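Structure first, then comments.
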Number of protein chains: 2
Amino acid sequence: MSNIREIAKRAGVGIATVSRYINSTGYVSEEVKLKIQKEIDELGYTPNALARAIFTKNSMTLGLMIPNITNPFFNQMATIIEEHANRYGYTLFLCNTQDSRKKEIEYLGILKSHRVAGIIASRTMCKEEYVNINIPVVSFENHISSDIPTISSNNYNGGRMAFGHLYDGGCRNMLHIKGPRTFEATEMRYKGFVDAAKEKKLSVDVVEFESDFQVKMLEGNLNDIKNIEHYDGIFVFNDIAAAIVMKYLKERDIKIPQDIQIIGFDNSFICELLHPSLTTVQQPIEEIGVLVVESIIDLINNEELIIKDYLVETRLIQRNSTLL
Amino acid sequence: MSNIREIAKRAGVGIATVSRYINSTGYVSEEVKLKIQKEIDELGYTPNALARAIFTKNSMTLGLMIPNITNPFFNQMATIIEEHANRYGYTLFLCNTQDSRKKEIEYLGILKSHRVAGIIASRTMCKEEYVNINIPVVSFENHISSDIPTISSNNYNGGRMAFGHLYDGGCRNMLHIKGPRTFEATEMRYKGFVDAAKEKKLSVDVVEFESDFQVKMLEGNLNDIKNIEHYDGIFVFNDIAAAIVMKYLKERDIKIPQDIQIIGFDNSFICELLHPSLTTVQQPIEEIGVLVVESIIDLINNEELIIKDYLVETRLIQRNSTLL
DNA sequence: ATGAAAGCGCTAACAC
DNA sequence: GTGTTAGCGCTTTCAT
């Protein structure tokens, strides 16, 4: 691949002139511009972003640390973040951690070595490792440290709304299927749900699932719930798990929502695909994604963030898996 | 961020020694090793991969050009590719093109400037742009040019199997819902299905959907199909679209599979979530992903590829949306 | 308006 | 065994 020196030589000018032309930084005569562009086209020259980054100290890359790109919540988030980062000229390194602390630490080293301008983290297994890294970090879904800006849905309130909706729909014997205890987001949903129940002096049953997204695992957990047909309302920690619960109930000829009402979380595309369609609590993915990118850009540009801890509101989306 | 010179100075050695130590290339005494490591730890030094890449001419990065990370087929593929590339020490740039030619061309420029070692493309909107790029390219899902190695499922045979399965299940009045005509993969599925029908002297109806994955759009297309209840078997070009068709039928009280049998394509996680579970044609995602990565690595290492055009076999997964 | 030269952080050939 | 030095491709200061 050709370099700036070659372009300069062939165009009969100095390399500084070529650099100025490419970056539109400083005057270059129209005549010289044409000569340079001609050589660039002929050689198919593209400036080396690596060399440029060494000098400018900005690689124009970001690390996107995500547990599982297969999960609709995270891949929708990735889509928004990618689109928005791209608009600012940044390109993303995809770091799929599989919720593995080891892989996350490995990627942290890689991102550091590639001198990414910033890191967008989510549901991380590390704390310490992020604070002394000397690279701007923004987190969504969970809190890493008080120094690191965090944007998350109001999961607690989402849990409360889920309860309210089932309660108003007449449910008095509810079950909550909660996510793994290591996930901050699902933990908050659980708390909101239980707190709201307490206020109504209602006790609810709770079962914990071990995985957020592996169908086989979720099905295994389901079989452990005894007398599921005794409940009249179930709040499940995400839509995928809710879909599996729905299937489980349908296979046992339990009618949704007549016998059991069910409500999920996320408002992923699957809600519309199910029959009956799934009532759920919507996470404002677009809003979070945009805030994440804008925060990291501000941090990179050394601008002070006014708000360090965003809590974006969730919203109940009523569909056909609940009455009311 | 500190550099190799600073480490060398503080450890009281030359920079070449530090370089040798870091890269385990050449002898360094145990005593010096300790001194160097101490400074590395103290300063939190990480070698600059950008500077290294300029010299070694290998950035250890790959570009992953994907139309839509939200689509289960592509995000599963991304997961496999990421995992496998990582094993070889490569990190991925995520390029989500949204099937936009403009965005793809933009990303091609970015990848080139970042001097990626190779590009993994899929369902691309460009041809020319890939052949003269002077970077190794491997494609899956569709063919770019005869020079570019391609790995794809045997979509044609998948279409044939789908027909055979419905036919053997007793269907004689079938509909195929095909994908957008710009997608090579769905075009092949369509051809396979129609060819197999012809061999049985059966005519089948075909309707084309305009999108592969946008629920609203797919639903719009569905309303254009008149008398859908007259069919006894439907082969849909992917699982998501099939799920939407299923929902549409269920809302009209058409029983699956008793009234209409239905079969999808991909074997994505959604098949197991539906009720009845969806019979489908499985794409060997893992196998394709591994081949893709190994091919690009071989190309990067200047090894000749023995096979330039892999066709990996698909498999019918029987579930409850079809009889037989 | 343009070019020479220094320097970004690194590797490797070549001295010693 | 280890250090000096040139050079990778770039940007930018400072002459001219």
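Here, A, B, ... name the chains of the structure tokens in the order displayed, residue numbers run from 1 inside each chain, and ligands are numbered from 1 in the same displayed order.
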Given only C-alpha atoms (C1' of nucleotides), how would the per-residue table for chain D near chain B read, listing every residue at most 9 Å away with its closest atom pair and distance in Å to one decimal, sorted by chain and number, as a tab-separated table?
residue	atom	partner	partner_atom	distance
D:DG1	C1'	B:Tyr27	CA	6.6
D:DT2	C1'	B:Thr17	CA	6.5
D:DG3	C1'	B:Gly14	CA	5.4
D:DT4	C1'	B:Gly14	CA	8.7
D:DG7	C1'	B:Phe55	CA	8.7
D:DC8	C1'	B:Phe55	CA	4.7
D:DG9	C1'	B:Ile54	CA	7.3
Would you save the residues from that selection as a compact mmCIF listing (two decimals), in the first residue's frame, using all heavy atoms?
# COMPACT_ATOMS: atom_id res chain seq x y z
P DG D 1 24.93 -14.23 27.16
OP1 DG D 1 24.87 -15.70 27.17
OP2 DG D 1 24.98 -13.63 25.82
O5' DG D 1 23.69 -13.68 27.96
C5' DG D 1 22.74 -12.84 27.34
C4' DG D 1 23.05 -11.44 27.85
O4' DG D 1 24.07 -10.86 26.98
C3' DG D 1 21.87 -10.49 27.82
O3' DG D 1 22.06 -9.51 28.82
C2' DG D 1 21.99 -9.85 26.43
C1' DG D 1 23.50 -9.82 26.20
N9 DG D 1 23.86 -10.09 24.80
C8 DG D 1 23.51 -11.17 24.03
N7 DG D 1 23.99 -11.11 22.82
C5 DG D 1 24.70 -9.91 22.79
C6 DG D 1 25.43 -9.31 21.72
O6 DG D 1 25.61 -9.74 20.59
N1 DG D 1 26.00 -8.10 22.13
C2 DG D 1 25.87 -7.54 23.38
N2 DG D 1 26.46 -6.38 23.58
N3 DG D 1 25.20 -8.10 24.37
C4 DG D 1 24.62 -9.26 24.00
P DT D 2 20.91 -8.49 29.19
OP1 DT D 2 21.07 -8.04 30.58
OP2 DT D 2 19.64 -9.06 28.71
O5' DT D 2 21.29 -7.26 28.25
C5' DT D 2 22.40 -6.45 28.62
C4' DT D 2 22.64 -5.42 27.57
O4' DT D 2 22.92 -6.05 26.31
C3' DT D 2 21.47 -4.47 27.32
O3' DT D 2 21.90 -3.18 27.72
C2' DT D 2 21.21 -4.55 25.82
C1' DT D 2 22.50 -5.16 25.29
N1 DT D 2 22.42 -5.95 24.04
C2 DT D 2 23.10 -5.49 22.94
O2 DT D 2 23.76 -4.47 22.94
N3 DT D 2 22.98 -6.28 21.82
C4 DT D 2 22.27 -7.46 21.71
O4 DT D 2 22.25 -8.08 20.66
C5 DT D 2 21.58 -7.89 22.90
C7 DT D 2 20.78 -9.15 22.90
C6 DT D 2 21.68 -7.11 24.01
P DG D 3 20.92 -1.95 27.69
OP1 DG D 3 21.15 -1.18 28.93
OP2 DG D 3 19.56 -2.43 27.35
O5' DG D 3 21.50 -1.11 26.48
C5' DG D 3 22.86 -0.71 26.54
C4' DG D 3 23.23 -0.02 25.25
O4' DG D 3 23.17 -0.98 24.17
C3' DG D 3 22.31 1.14 24.85
O3' DG D 3 23.14 2.20 24.37
C2' DG D 3 21.44 0.56 23.75
C1' DG D 3 22.37 -0.47 23.11
N9 DG D 3 21.71 -1.62 22.50
C8 DG D 3 20.81 -2.47 23.11
N7 DG D 3 20.40 -3.44 22.32
C5 DG D 3 21.07 -3.20 21.12
C6 DG D 3 21.03 -3.93 19.91
O6 DG D 3 20.38 -4.94 19.64
N1 DG D 3 21.86 -3.36 18.94
C2 DG D 3 22.64 -2.23 19.15
N2 DG D 3 23.36 -1.84 18.10
N3 DG D 3 22.68 -1.56 20.28
C4 DG D 3 21.88 -2.09 21.22
P DT D 4 22.53 3.61 24.07
OP1 DT D 4 23.17 4.56 25.00
OP2 DT D 4 21.06 3.51 24.05
O5' DT D 4 23.05 3.92 22.59
C5' DT D 4 24.07 3.11 22.00
C4' DT D 4 24.05 3.33 20.50
O4' DT D 4 23.42 2.18 19.85
C3' DT D 4 23.29 4.56 20.01
O3' DT D 4 24.02 5.13 18.93
C2' DT D 4 21.95 3.99 19.58
C1' DT D 4 22.38 2.64 19.01
N1 DT D 4 21.34 1.57 19.00
C2 DT D 4 21.19 0.77 17.88
O2 DT D 4 21.86 0.90 16.87
N3 DT D 4 20.23 -0.20 17.98
C4 DT D 4 19.41 -0.44 19.07
O4 DT D 4 18.58 -1.35 19.05
C5 DT D 4 19.62 0.42 20.21
C7 DT D 4 18.80 0.24 21.43
C6 DT D 4 20.57 1.38 20.13
P DG D 7 17.21 4.70 6.94
OP1 DG D 7 17.69 4.05 5.71
OP2 DG D 7 17.26 6.17 7.09
O5' DG D 7 15.73 4.22 7.23
C5' DG D 7 15.44 2.83 7.35
C4' DG D 7 14.02 2.67 7.84
O4' DG D 7 13.97 2.95 9.26
C3' DG D 7 13.03 3.64 7.18
O3' DG D 7 11.86 2.93 6.86
C2' DG D 7 12.75 4.66 8.28
C1' DG D 7 12.83 3.75 9.49
N9 DG D 7 12.96 4.40 10.77
C8 DG D 7 13.62 5.58 11.08
N7 DG D 7 13.53 5.89 12.35
C5 DG D 7 12.78 4.87 12.91
C6 DG D 7 12.33 4.67 14.24
O6 DG D 7 12.55 5.37 15.22
N1 DG D 7 11.59 3.51 14.36
C2 DG D 7 11.30 2.65 13.33
N2 DG D 7 10.56 1.58 13.63
N3 DG D 7 11.69 2.81 12.09
C4 DG D 7 12.42 3.94 11.94
P DC D 8 10.98 3.34 5.65
OP1 DC D 8 11.37 2.54 4.49
OP2 DC D 8 10.98 4.81 5.61
O5' DC D 8 9.53 2.88 6.10
C5' DC D 8 9.24 1.57 6.50
C4' DC D 8 8.08 1.61 7.46
O4' DC D 8 8.58 1.99 8.75
C3' DC D 8 7.06 2.69 7.12
O3' DC D 8 6.06 2.12 6.28
C2' DC D 8 6.48 3.07 8.48
C1' DC D 8 7.54 2.59 9.48
N1 DC D 8 8.18 3.64 10.31
C2 DC D 8 8.02 3.61 11.70
O2 DC D 8 7.32 2.72 12.19
N3 DC D 8 8.61 4.57 12.46
C4 DC D 8 9.33 5.51 11.87
N4 DC D 8 9.91 6.43 12.66
C5 DC D 8 9.53 5.56 10.47
C6 DC D 8 8.93 4.62 9.73
P DG D 9 5.60 2.87 4.97
OP1 DG D 9 4.82 1.92 4.17
OP2 DG D 9 6.76 3.56 4.41
O5' DG D 9 4.60 3.99 5.53
C5' DG D 9 3.40 3.60 6.17
C4' DG D 9 2.76 4.82 6.79
O4' DG D 9 3.62 5.32 7.82
C3' DG D 9 2.55 5.99 5.81
O3' DG D 9 1.21 6.43 5.92
C2' DG D 9 3.55 7.03 6.24
C1' DG D 9 3.68 6.73 7.73
N9 DG D 9 4.94 7.14 8.31
C8 DG D 9 6.18 7.14 7.71
N7 DG D 9 7.13 7.57 8.50
C5 DG D 9 6.48 7.88 9.69
C6 DG D 9 6.98 8.40 10.91
O6 DG D 9 8.15 8.68 11.19
N1 DG D 9 5.98 8.55 11.86
C2 DG D 9 4.66 8.25 11.66
N2 DG D 9 3.82 8.46 12.67
N3 DG D 9 4.17 7.77 10.53
C4 DG D 9 5.13 7.62 9.60
For Leu249 of chain B, please output as a PyMOL selection string all residues within 10 Å (counting only C-alpha atoms (C1' of nucleotides); exclusion window: fewer than 5 positions along the same chain). chain B and resi 228-229+243-244+254-256+259-260
Would you give me, as JSON, numbers by chain, the residues of chain C that come within 7 Å of chain B, using only C-alpha atoms (C1' of nucleotides)? {"C": [9, 10, 11]}
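The spacing separating atom CA of Asn58 of chain A from atom CA of Ser139 of chain A amounts to 20.6 Å.
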Using only C-alpha atoms (C1' of nucleotides), determine which residues lie at most 8 Å from Met77 of chain A, disregarding the query and same-chain residues fewer than 3 positions distant; provide the list as a PyMOL selection string. chain A and resi 73-74+80-81+285-286+289
Find the nearest atom pair between each residue of chain B and chain A for residues within 9 Å, count only C-alpha atoms, give distances in Å to one decimal, sort rows by chain and ascending number, and present the table as JSON lines.
{"residue": "B:Met1", "atom": "CA", "partner": "A:Asn134", "partner_atom": "CA", "distance": 7.8}
{"residue": "B:Gly44", "atom": "CA", "partner": "A:Ile133", "partner_atom": "CA", "distance": 8.2}
{"residue": "B:Thr46", "atom": "CA", "partner": "A:Ser113", "partner_atom": "CA", "distance": 5.7}
{"residue": "B:Pro47", "atom": "CA", "partner": "A:Ser113", "partner_atom": "CA", "distance": 5.8}
{"residue": "B:Asn48", "atom": "CA", "partner": "A:Ser113", "partner_atom": "CA", "distance": 5.0}
{"residue": "B:Ala49", "atom": "CA", "partner": "A:Ser113", "partner_atom": "CA", "distance": 5.1}
{"residue": "B:Leu50", "atom": "CA", "partner": "A:Leu50", "partner_atom": "CA", "distance": 5.3}
{"residue": "B:Ala51", "atom": "CA", "partner": "A:Ile54", "partner_atom": "CA", "distance": 6.7}
{"residue": "B:Ala53", "atom": "CA", "partner": "A:Leu50", "partner_atom": "CA", "distance": 7.6}
{"residue": "B:Ile54", "atom": "CA", "partner": "A:Ala51", "partner_atom": "CA", "distance": 6.7}
{"residue": "B:Ser59", "atom": "CA", "partner": "A:Leu50", "partner_atom": "CA", "distance": 8.6}
{"residue": "B:Asn68", "atom": "CA", "partner": "A:Thr79", "partner_atom": "CA", "distance": 8.0}
{"residue": "B:Ile69", "atom": "CA", "partner": "A:Asn75", "partner_atom": "CA", "distance": 6.2}
{"residue": "B:Thr70", "atom": "CA", "partner": "A:Asn75", "partner_atom": "CA", "distance": 5.4}
{"residue": "B:Asn71", "atom": "CA", "partner": "A:Asn75", "partner_atom": "CA", "distance": 8.8}
{"residue": "B:Pro72", "atom": "CA", "partner": "A:Thr70", "partner_atom": "CA", "distance": 6.8}
{"residue": "B:Phe74", "atom": "CA", "partner": "A:Thr70", "partner_atom": "CA", "distance": 9.0}
{"residue": "B:Asn75", "atom": "CA", "partner": "A:Thr70", "partner_atom": "CA", "distance": 5.4}
{"residue": "B:Gln76", "atom": "CA", "partner": "A:Thr70", "partner_atom": "CA", "distance": 6.1}
{"residue": "B:Ala78", "atom": "CA", "partner": "A:Ile69", "partner_atom": "CA", "distance": 7.9}
{"residue": "B:Thr79", "atom": "CA", "partner": "A:Ile69", "partner_atom": "CA", "distance": 6.9}
{"residue": "B:Glu82", "atom": "CA", "partner": "A:Asn96", "partner_atom": "CA", "distance": 7.3}
{"residue": "B:Glu83", "atom": "CA", "partner": "A:Asn96", "partner_atom": "CA", "distance": 8.0}
{"residue": "B:Thr91", "atom": "CA", "partner": "A:Phe93", "partner_atom": "CA", "distance": 7.0}
{"residue": "B:Leu92", "atom": "CA", "partner": "A:Phe93", "partner_atom": "CA", "distance": 5.6}
{"residue": "B:Phe93", "atom": "CA", "partner": "A:Phe93", "partner_atom": "CA", "distance": 4.6}
{"residue": "B:Leu94", "atom": "CA", "partner": "A:Leu94", "partner_atom": "CA", "distance": 5.6}
{"residue": "B:Cys95", "atom": "CA", "partner": "A:Leu92", "partner_atom": "CA", "distance": 7.9}
{"residue": "B:Asn96", "atom": "CA", "partner": "A:Thr79", "partner_atom": "CA", "distance": 7.3}
{"residue": "B:Tyr107", "atom": "CA", "partner": "A:Thr91", "partner_atom": "CA", "distance": 8.8}
{"residue": "B:Gly109", "atom": "CA", "partner": "A:Thr46", "partner_atom": "CA", "distance": 7.5}
{"residue": "B:Ile110", "atom": "CA", "partner": "A:Thr91", "partner_atom": "CA", "distance": 8.1}
{"residue": "B:Lys112", "atom": "CA", "partner": "A:Thr46", "partner_atom": "CA", "distance": 6.8}
{"residue": "B:Ser113", "atom": "CA", "partner": "A:Asn48", "partner_atom": "CA", "distance": 5.0}
{"residue": "B:His114", "atom": "CA", "partner": "A:Ala49", "partner_atom": "CA", "distance": 5.1}
{"residue": "B:Arg115", "atom": "CA", "partner": "A:Asn48", "partner_atom": "CA", "distance": 6.9}
{"residue": "B:Asn132", "atom": "CA", "partner": "A:Gly44", "partner_atom": "CA", "distance": 8.8}
{"residue": "B:Ile133", "atom": "CA", "partner": "A:Gly44", "partner_atom": "CA", "distance": 8.3}
{"residue": "B:Asn134", "atom": "CA", "partner": "A:Met1", "partner_atom": "CA", "distance": 7.7}
{"residue": "B:Gln214", "atom": "CA", "partner": "A:Phe269", "partner_atom": "CA", "distance": 8.9}
{"residue": "B:Val215", "atom": "CA", "partner": "A:Phe269", "partner_atom": "CA", "distance": 7.5}
{"residue": "B:Ile240", "atom": "CA", "partner": "A:Leu273", "partner_atom": "CA", "distance": 8.1}
{"residue": "B:Ala243", "atom": "CA", "partner": "A:Leu273", "partner_atom": "CA", "distance": 6.0}
{"residue": "B:Ile244", "atom": "CA", "partner": "A:Leu273", "partner_atom": "CA", "distance": 5.7}
{"residue": "B:Met246", "atom": "CA", "partner": "A:Leu273", "partner_atom": "CA", "distance": 8.5}
{"residue": "B:Lys247", "atom": "CA", "partner": "A:His275", "partner_atom": "CA", "distance": 5.9}
{"residue": "B:Lys250", "atom": "CA", "partner": "A:His275", "partner_atom": "CA", "distance": 7.4}
{"residue": "B:Glu251", "atom": "CA", "partner": "A:His275", "partner_atom": "CA", "distance": 7.9}
{"residue": "B:Phe269", "atom": "CA", "partner": "A:Val215", "partner_atom": "CA", "distance": 7.4}
{"residue": "B:Ile270", "atom": "CA", "partner": "A:Ile270", "partner_atom": "CA", "distance": 8.3}
{"residue": "B:Glu272", "atom": "CA", "partner": "A:Val215", "partner_atom": "CA", "distance": 7.9}
{"residue": "B:Leu273", "atom": "CA", "partner": "A:Ile244", "partner_atom": "CA", "distance": 5.7}
{"residue": "B:Leu274", "atom": "CA", "partner": "A:Lys247", "partner_atom": "CA", "distance": 6.7}
{"residue": "B:His275", "atom": "CA", "partner": "A:Lys247", "partner_atom": "CA", "distance": 5.9}
{"residue": "B:Pro276", "atom": "CA", "partner": "A:Lys247", "partner_atom": "CA", "distance": 8.3}
{"residue": "B:Ser277", "atom": "CA", "partner": "A:Lys247", "partner_atom": "CA", "distance": 8.9}
Using backbone DSSP assignments, extract all alpha helix (DSSP H) residues from segment 177-265 of chain A; output them as a ChimeraX atom specification. /A:184-199,215-223,239-251
Enumerate, as a PyMOL selection string, the complete set of residues in segment 36-226 of chain B that a backbone-based DSSP assignment places in strand (DSSP E or B). chain B and resi 61-66+91-96+118-122+137-140+150-153+174-178+205-208
